[in-house]
file start_32.txt (compact mmCIF, N, CA and C atoms)
# COMPACT_ATOMS: atom_id res chain seq x y z
N MET A 81 -11.59 -50.91 -54.36
CA MET A 81 -10.19 -50.63 -54.27
C MET A 81 -9.69 -50.11 -55.61
N LEU A 82 -8.92 -49.06 -55.54
CA LEU A 82 -8.32 -48.50 -56.74
C LEU A 82 -6.81 -48.56 -56.60
N ASP A 83 -6.12 -48.76 -57.69
CA ASP A 83 -4.67 -48.77 -57.70
C ASP A 83 -4.15 -47.47 -58.28
N GLY A 84 -2.93 -47.11 -57.90
CA GLY A 84 -2.27 -45.96 -58.49
C GLY A 84 -2.31 -44.74 -57.60
N ASP A 85 -1.96 -43.62 -58.19
CA ASP A 85 -1.95 -42.34 -57.50
C ASP A 85 -3.37 -42.00 -57.08
N PRO A 86 -3.64 -41.80 -55.79
CA PRO A 86 -5.02 -41.56 -55.35
C PRO A 86 -5.65 -40.32 -55.97
N ARG A 87 -4.84 -39.30 -56.21
CA ARG A 87 -5.40 -38.08 -56.82
C ARG A 87 -5.99 -38.38 -58.19
N ARG A 88 -5.24 -39.08 -59.00
CA ARG A 88 -5.69 -39.40 -60.35
C ARG A 88 -6.78 -40.48 -60.33
N ALA A 89 -6.59 -41.51 -59.52
CA ALA A 89 -7.53 -42.64 -59.49
C ALA A 89 -8.93 -42.20 -59.04
N ILE A 90 -9.01 -41.36 -58.02
CA ILE A 90 -10.31 -40.92 -57.52
C ILE A 90 -11.02 -40.05 -58.55
N VAL A 91 -10.29 -39.14 -59.17
CA VAL A 91 -10.90 -38.27 -60.19
C VAL A 91 -11.38 -39.09 -61.39
N GLU A 92 -10.56 -40.04 -61.84
CA GLU A 92 -10.95 -40.87 -62.99
C GLU A 92 -12.16 -41.76 -62.65
N GLU A 93 -12.18 -42.32 -61.46
CA GLU A 93 -13.31 -43.17 -61.06
C GLU A 93 -14.59 -42.35 -60.94
N ALA A 94 -14.49 -41.14 -60.43
CA ALA A 94 -15.67 -40.28 -60.33
C ALA A 94 -16.23 -39.95 -61.71
N LYS A 95 -15.34 -39.72 -62.68
CA LYS A 95 -15.80 -39.47 -64.06
C LYS A 95 -16.47 -40.70 -64.63
N ARG A 96 -15.82 -41.87 -64.43
CA ARG A 96 -16.34 -43.12 -64.98
C ARG A 96 -17.72 -43.44 -64.41
N GLU A 97 -17.93 -43.14 -63.15
CA GLU A 97 -19.19 -43.43 -62.47
C GLU A 97 -20.21 -42.29 -62.60
N HIS A 98 -19.84 -41.22 -63.30
CA HIS A 98 -20.71 -40.04 -63.45
C HIS A 98 -21.15 -39.51 -62.09
N ALA A 99 -20.18 -39.40 -61.17
CA ALA A 99 -20.46 -38.94 -59.81
C ALA A 99 -20.94 -37.50 -59.82
N ASP A 100 -21.86 -37.21 -58.92
CA ASP A 100 -22.35 -35.84 -58.75
C ASP A 100 -21.55 -35.09 -57.70
N LEU A 101 -20.86 -35.82 -56.83
CA LEU A 101 -20.13 -35.21 -55.73
C LEU A 101 -19.05 -36.19 -55.26
N ILE A 102 -17.88 -35.65 -54.92
CA ILE A 102 -16.82 -36.42 -54.28
C ILE A 102 -16.69 -35.89 -52.86
N VAL A 103 -16.72 -36.79 -51.88
CA VAL A 103 -16.52 -36.41 -50.48
C VAL A 103 -15.19 -37.00 -50.05
N ILE A 104 -14.30 -36.17 -49.53
CA ILE A 104 -12.98 -36.64 -49.15
C ILE A 104 -12.56 -35.96 -47.85
N GLY A 105 -11.86 -36.71 -47.02
CA GLY A 105 -11.36 -36.16 -45.76
C GLY A 105 -10.01 -35.50 -45.96
N LYS A 106 -9.71 -34.56 -45.09
CA LYS A 106 -8.43 -33.87 -45.13
C LYS A 106 -7.79 -34.00 -43.75
N ARG A 107 -6.56 -34.46 -43.73
CA ARG A 107 -5.83 -34.60 -42.47
C ARG A 107 -5.43 -33.23 -41.96
N GLY A 108 -5.30 -33.14 -40.66
CA GLY A 108 -4.90 -31.87 -40.04
C GLY A 108 -3.41 -31.68 -40.02
N ARG A 109 -2.82 -31.48 -41.16
CA ARG A 109 -1.37 -31.23 -41.22
C ARG A 109 -1.14 -29.73 -41.12
N ASN A 110 0.11 -29.36 -40.92
CA ASN A 110 0.39 -27.93 -40.85
C ASN A 110 0.64 -27.37 -42.25
N ARG A 111 0.72 -26.07 -42.34
CA ARG A 111 0.84 -25.40 -43.65
C ARG A 111 2.14 -25.76 -44.38
N ILE A 112 3.20 -25.93 -43.64
CA ILE A 112 4.49 -26.27 -44.27
C ILE A 112 4.40 -27.66 -44.92
N GLN A 113 3.79 -28.63 -44.23
CA GLN A 113 3.64 -29.96 -44.82
C GLN A 113 2.77 -29.89 -46.06
N ASP A 114 1.67 -29.14 -46.03
CA ASP A 114 0.82 -29.00 -47.22
C ASP A 114 1.60 -28.38 -48.37
N PHE A 115 2.42 -27.39 -48.08
CA PHE A 115 3.18 -26.72 -49.13
C PHE A 115 4.23 -27.64 -49.74
N LEU A 116 4.96 -28.35 -48.89
CA LEU A 116 6.05 -29.20 -49.37
C LEU A 116 5.55 -30.49 -49.99
N LEU A 117 4.54 -31.10 -49.41
CA LEU A 117 4.08 -32.41 -49.86
C LEU A 117 2.86 -32.34 -50.77
N GLY A 118 2.21 -31.22 -50.79
CA GLY A 118 0.97 -31.11 -51.55
C GLY A 118 -0.18 -31.70 -50.77
N SER A 119 -1.36 -31.55 -51.26
CA SER A 119 -2.53 -32.07 -50.59
C SER A 119 -3.35 -32.88 -51.57
N THR A 120 -3.60 -34.13 -51.23
CA THR A 120 -4.41 -34.99 -52.09
C THR A 120 -5.80 -34.41 -52.25
N ALA A 121 -6.40 -33.96 -51.16
CA ALA A 121 -7.74 -33.40 -51.23
C ALA A 121 -7.79 -32.17 -52.13
N GLU A 122 -6.81 -31.30 -52.01
CA GLU A 122 -6.78 -30.09 -52.84
C GLU A 122 -6.57 -30.43 -54.31
N ALA A 123 -5.74 -31.42 -54.60
CA ALA A 123 -5.52 -31.83 -55.99
C ALA A 123 -6.79 -32.41 -56.59
N ILE A 124 -7.51 -33.21 -55.81
CA ILE A 124 -8.77 -33.78 -56.30
C ILE A 124 -9.77 -32.67 -56.55
N ALA A 125 -9.87 -31.73 -55.61
CA ALA A 125 -10.81 -30.62 -55.78
C ALA A 125 -10.48 -29.80 -57.03
N ARG A 126 -9.21 -29.65 -57.31
CA ARG A 126 -8.79 -28.86 -58.48
C ARG A 126 -9.09 -29.59 -59.79
N ASP A 127 -8.93 -30.92 -59.82
CA ASP A 127 -9.01 -31.67 -61.06
C ASP A 127 -10.36 -32.34 -61.33
N ALA A 128 -11.22 -32.39 -60.35
CA ALA A 128 -12.49 -33.12 -60.49
C ALA A 128 -13.46 -32.40 -61.42
N HIS A 129 -14.30 -33.18 -62.08
CA HIS A 129 -15.31 -32.63 -62.99
C HIS A 129 -16.58 -32.21 -62.24
N CYS A 130 -16.67 -32.61 -60.97
CA CYS A 130 -17.86 -32.34 -60.17
C CYS A 130 -17.44 -31.67 -58.86
N PRO A 131 -18.42 -31.18 -58.10
CA PRO A 131 -18.06 -30.56 -56.81
C PRO A 131 -17.37 -31.56 -55.88
N VAL A 132 -16.50 -31.03 -55.02
CA VAL A 132 -15.80 -31.84 -54.05
C VAL A 132 -16.04 -31.23 -52.67
N LEU A 133 -16.48 -32.08 -51.74
CA LEU A 133 -16.68 -31.67 -50.35
C LEU A 133 -15.48 -32.18 -49.56
N VAL A 134 -14.69 -31.25 -49.03
CA VAL A 134 -13.51 -31.61 -48.24
C VAL A 134 -13.89 -31.49 -46.77
N VAL A 135 -13.84 -32.63 -46.07
CA VAL A 135 -14.23 -32.68 -44.66
C VAL A 135 -12.97 -32.66 -43.81
N PRO A 136 -12.84 -31.69 -42.92
CA PRO A 136 -11.62 -31.63 -42.10
C PRO A 136 -11.57 -32.78 -41.10
N GLY A 137 -10.36 -33.21 -40.79
CA GLY A 137 -10.16 -34.23 -39.78
C GLY A 137 -10.33 -33.65 -38.39
N GLU A 138 -10.32 -34.53 -37.39
CA GLU A 138 -10.44 -34.07 -36.02
C GLU A 138 -9.18 -33.34 -35.59
N SER A 139 -9.35 -32.31 -34.79
CA SER A 139 -8.21 -31.60 -34.21
C SER A 139 -7.67 -32.43 -33.06
N SER A 140 -6.35 -32.44 -32.93
CA SER A 140 -5.79 -33.21 -31.83
C SER A 140 -5.43 -32.36 -30.66
call {"tool": "encode", "arguments": {"input": "start_32.txt", "output": "structure tokens"}}
result
Amino acid sequence: MLDGDPRRAIVEEAKREHADLIVIGKRGRNRIQDFLLGSTAEAIARDAHCPVLVVPGESS
């Protein structure tokens, strides 16, 4: 369990653990929600020191 902003906490934990890859799921939101609210997965992919695999969620 990590506390704090998930974008920052996941990136910092991956650095601390010398991770080779971060795998994260992405919810199926629409483009307007991604634009207005931002995307945790995209922020992690942008800030991570290692590759990030973004796995799409199920379509409803």
call {"tool": "residues_around", "arguments": {"input": "start_32.txt", "residues": "segment 93-109 of chain A", "least_positions_apart": "3", "cutoff": "7 Å", "atoms": "only C-alpha atoms", "output": "list in words"}}
result
Ala89, Ile90, Gln113, Asp114, Ala121, His129, Cys130, Pro131, Val132, Leu133, Val134, Val135, Pro136, Gly137 and Ser139 of chain A
call {"tool": "write_last_selection", "arguments": {"input": "start_32.txt", "atoms": "N, CA and C atoms", "output": "PDB file, keeping the file's coordinate frame"}}
result
ATOM      1  N   ALA A  89      -6.590 -41.510 -59.520  1.00  0.00           N
ATOM      2  CA  ALA A  89      -7.530 -42.640 -59.490  1.00  0.00           C
ATOM      3  C   ALA A  89      -8.930 -42.200 -59.040  1.00  0.00           C
ATOM      4  N   ILE A  90      -9.010 -41.360 -58.020  1.00  0.00           N
ATOM      5  CA  ILE A  90     -10.310 -40.920 -57.520  1.00  0.00           C
ATOM      6  C   ILE A  90     -11.020 -40.050 -58.550  1.00  0.00           C
ATOM      7  N   GLN A 113       3.790 -28.630 -44.230  1.00  0.00           N
ATOM      8  CA  GLN A 113       3.640 -29.960 -44.820  1.00  0.00           C
ATOM      9  C   GLN A 113       2.770 -29.890 -46.060  1.00  0.00           C
ATOM     10  N   ASP A 114       1.670 -29.140 -46.030  1.00  0.00           N
ATOM     11  CA  ASP A 114       0.820 -29.000 -47.220  1.00  0.00           C
ATOM     12  C   ASP A 114       1.600 -28.380 -48.370  1.00  0.00           C
ATOM     13  N   ALA A 121      -6.400 -33.960 -51.160  1.00  0.00           N
ATOM     14  CA  ALA A 121      -7.740 -33.400 -51.230  1.00  0.00           C
ATOM     15  C   ALA A 121      -7.790 -32.170 -52.130  1.00  0.00           C
ATOM     16  N   HIS A 129     -14.300 -33.180 -62.080  1.00  0.00           N
ATOM     17  CA  HIS A 129     -15.310 -32.630 -62.990  1.00  0.00           C
ATOM     18  C   HIS A 129     -16.580 -32.210 -62.240  1.00  0.00           C
ATOM     19  N   CYS A 130     -16.670 -32.610 -60.970  1.00  0.00           N
ATOM     20  CA  CYS A 130     -17.860 -32.340 -60.170  1.00  0.00           C
ATOM     21  C   CYS A 130     -17.440 -31.670 -58.860  1.00  0.00           C
ATOM     22  N   PRO A 131     -18.420 -31.180 -58.100  1.00  0.00           N
ATOM     23  CA  PRO A 131     -18.060 -30.560 -56.810  1.00  0.00           C
ATOM     24  C   PRO A 131     -17.370 -31.560 -55.880  1.00  0.00           C
ATOM     25  N   VAL A 132     -16.500 -31.030 -55.020  1.00  0.00           N
ATOM     26  CA  VAL A 132     -15.800 -31.840 -54.050  1.00  0.00           C
ATOM     27  C   VAL A 132     -16.040 -31.230 -52.670  1.00  0.00           C
ATOM     28  N   LEU A 133     -16.480 -32.080 -51.740  1.00  0.00           N
ATOM     29  CA  LEU A 133     -16.680 -31.670 -50.350  1.00  0.00           C
ATOM     30  C   LEU A 133     -15.480 -32.180 -49.560  1.00  0.00           C
ATOM     31  N   VAL A 134     -14.690 -31.250 -49.030  1.00  0.00           N
ATOM     32  CA  VAL A 134     -13.510 -31.610 -48.240  1.00  0.00           C
ATOM     33  C   VAL A 134     -13.890 -31.490 -46.770  1.00  0.00           C
ATOM     34  N   VAL A 135     -13.840 -32.630 -46.070  1.00  0.00           N
ATOM     35  CA  VAL A 135     -14.230 -32.680 -44.660  1.00  0.00           C
ATOM     36  C   VAL A 135     -12.970 -32.660 -43.810  1.00  0.00           C
ATOM     37  N   PRO A 136     -12.840 -31.690 -42.920  1.00  0.00           N
ATOM     38  CA  PRO A 136     -11.620 -31.630 -42.100  1.00  0.00           C
ATOM     39  C   PRO A 136     -11.570 -32.780 -41.100  1.00  0.00           C
ATOM     40  N   GLY A 137     -10.360 -33.210 -40.790  1.00  0.00           N
ATOM     41  CA  GLY A 137     -10.160 -34.230 -39.780  1.00  0.00           C
ATOM     42  C   GLY A 137     -10.330 -33.650 -38.390  1.00  0.00           C
ATOM     43  N   SER A 139      -9.350 -32.310 -34.790  1.00  0.00           N
ATOM     44  CA  SER A 139      -8.210 -31.600 -34.210  1.00  0.00           C
ATOM     45  C   SER A 139      -7.670 -32.430 -33.060  1.00  0.00           C
TER      46      SER A 139
END
call {"tool": "select_by_dssp", "arguments": {"input": "start_32.txt", "residues": "chain A", "states": "strand (DSSP E or B)", "output": "MDAnalysis selection string"}}
result
chainID A and resid 102:106 132:136
call {"tool": "closest_residue", "arguments": {"input": "start_32.txt", "among": "A:Asp127, A:Asn110, A:Ser119, A:Glu138", "to": "Glu92 of chain A", "atoms": "only N, CA and C atoms"}}
result
A:Asp127
call {"tool": "decode", "arguments": {"input": "start_32.txt", "residues": "segment 87-113 of chain A", "atoms": "N, CA, C and O atoms", "output": "CSV table (one decimal), in the first residue's frame"}}
result
chain,number,residue,atom,x,y,z
A,87,ARG,N,0.0,9.0,-8.9
A,87,ARG,CA,1.0,9.2,-10.0
A,87,ARG,C,2.4,9.4,-9.5
A,87,ARG,O,3.3,8.7,-10.0
A,88,ARG,N,2.5,10.1,-8.4
A,88,ARG,CA,3.8,10.3,-7.9
A,88,ARG,C,4.3,9.1,-7.1
A,88,ARG,O,5.5,8.7,-7.2
A,89,ALA,N,3.4,8.5,-6.3
A,89,ALA,CA,3.8,7.4,-5.4
A,89,ALA,C,4.2,6.2,-6.3
A,89,ALA,O,5.2,5.5,-5.9
A,90,ILE,N,3.6,5.9,-7.4
A,90,ILE,CA,3.9,4.7,-8.2
A,90,ILE,C,5.3,5.0,-8.9
A,90,ILE,O,6.1,4.1,-8.9
A,91,VAL,N,5.5,6.2,-9.4
A,91,VAL,CA,6.8,6.5,-10.0
A,91,VAL,C,7.9,6.4,-9.0
A,91,VAL,O,9.0,5.8,-9.3
A,92,GLU,N,7.7,7.0,-7.8
A,92,GLU,CA,8.8,7.0,-6.8
A,92,GLU,C,9.1,5.5,-6.3
A,92,GLU,O,10.2,5.2,-6.1
A,93,GLU,N,8.0,4.7,-6.2
A,93,GLU,CA,8.2,3.3,-5.7
A,93,GLU,C,9.0,2.5,-6.8
A,93,GLU,O,9.8,1.7,-6.5
A,94,ALA,N,8.6,2.8,-8.0
A,94,ALA,CA,9.3,2.0,-9.1
A,94,ALA,C,10.8,2.4,-9.1
A,94,ALA,O,11.7,1.5,-9.3
A,95,LYS,N,11.1,3.7,-8.9
A,95,LYS,CA,12.5,4.1,-8.8
A,95,LYS,C,13.2,3.4,-7.7
A,95,LYS,O,14.3,2.9,-7.8
A,96,ARG,N,12.6,3.5,-6.5
A,96,ARG,CA,13.1,2.9,-5.3
A,96,ARG,C,13.4,1.4,-5.4
A,96,ARG,O,14.4,0.9,-5.0
A,97,GLU,N,12.5,0.7,-6.1
A,97,GLU,CA,12.7,-0.7,-6.3
A,97,GLU,C,13.5,-1.1,-7.5
A,97,GLU,O,13.6,-2.3,-7.8
A,98,HIS,N,14.0,-0.1,-8.3
A,98,HIS,CA,14.7,-0.3,-9.5
A,98,HIS,C,13.9,-1.2,-10.5
A,98,HIS,O,14.4,-2.2,-11.0
A,99,ALA,N,12.6,-0.9,-10.6
A,99,ALA,CA,11.7,-1.6,-11.5
A,99,ALA,C,12.2,-1.5,-13.0
A,99,ALA,O,12.7,-0.5,-13.4
A,100,ASP,N,12.0,-2.6,-13.7
A,100,ASP,CA,12.3,-2.6,-15.1
A,100,ASP,C,11.1,-2.3,-15.9
A,100,ASP,O,11.2,-1.9,-17.1
A,101,LEU,N,9.9,-2.4,-15.4
A,101,LEU,CA,8.7,-2.2,-16.1
A,101,LEU,C,7.6,-1.9,-15.1
A,101,LEU,O,7.5,-2.5,-14.0
A,102,ILE,N,6.7,-0.9,-15.4
A,102,ILE,CA,5.5,-0.6,-14.7
A,102,ILE,C,4.3,-1.1,-15.5
A,102,ILE,O,4.2,-0.7,-16.7
A,103,VAL,N,3.4,-1.9,-15.0
A,103,VAL,CA,2.2,-2.3,-15.7
A,103,VAL,C,1.0,-1.6,-15.0
A,103,VAL,O,0.9,-1.8,-13.8
A,104,ILE,N,0.2,-0.9,-15.7
A,104,ILE,CA,-0.9,-0.2,-15.1
A,104,ILE,C,-2.1,-0.3,-16.1
A,104,ILE,O,-2.0,-0.3,-17.3
A,105,GLY,N,-3.3,-0.4,-15.4
A,105,GLY,CA,-4.5,-0.4,-16.2
A,105,GLY,C,-5.0,1.0,-16.5
A,105,GLY,O,-4.7,1.9,-15.8
A,106,LYS,N,-5.8,1.1,-17.6
A,106,LYS,CA,-6.4,2.4,-17.9
A,106,LYS,C,-7.9,2.1,-18.1
A,106,LYS,O,-8.3,1.2,-18.7
A,107,ARG,N,-8.7,3.0,-17.4
A,107,ARG,CA,-10.1,2.9,-17.5
A,107,ARG,C,-10.6,3.4,-18.8
A,107,ARG,O,-10.0,4.3,-19.4
A,108,GLY,N,-11.7,2.9,-19.2
A,108,GLY,CA,-12.3,3.3,-20.5
A,108,GLY,C,-13.1,4.5,-20.4
A,108,GLY,O,-14.3,4.5,-20.5
A,109,ARG,N,-12.5,5.7,-20.1
A,109,ARG,CA,-13.2,6.9,-20.0
A,109,ARG,C,-13.3,7.6,-21.4
A,109,ARG,O,-12.5,7.2,-22.3
A,110,ASN,N,-14.1,8.6,-21.6
A,110,ASN,CA,-14.1,9.2,-22.9
A,110,ASN,C,-13.0,10.3,-22.9
A,110,ASN,O,-12.4,10.7,-22.0
A,111,ARG,N,-12.9,10.9,-24.1
A,111,ARG,CA,-11.8,11.8,-24.3
A,111,ARG,C,-11.9,13.1,-23.5
A,111,ARG,O,-11.0,13.7,-23.1
A,112,ILE,N,-13.2,13.5,-23.4
A,112,ILE,CA,-13.4,14.8,-22.6
A,112,ILE,C,-13.0,14.6,-21.1
A,112,ILE,O,-12.4,15.4,-20.5
A,113,GLN,N,-13.4,13.4,-20.5
A,113,GLN,CA,-12.9,13.2,-19.2
A,113,GLN,C,-11.4,13.1,-19.0
A,113,GLN,O,-10.9,13.6,-18.1
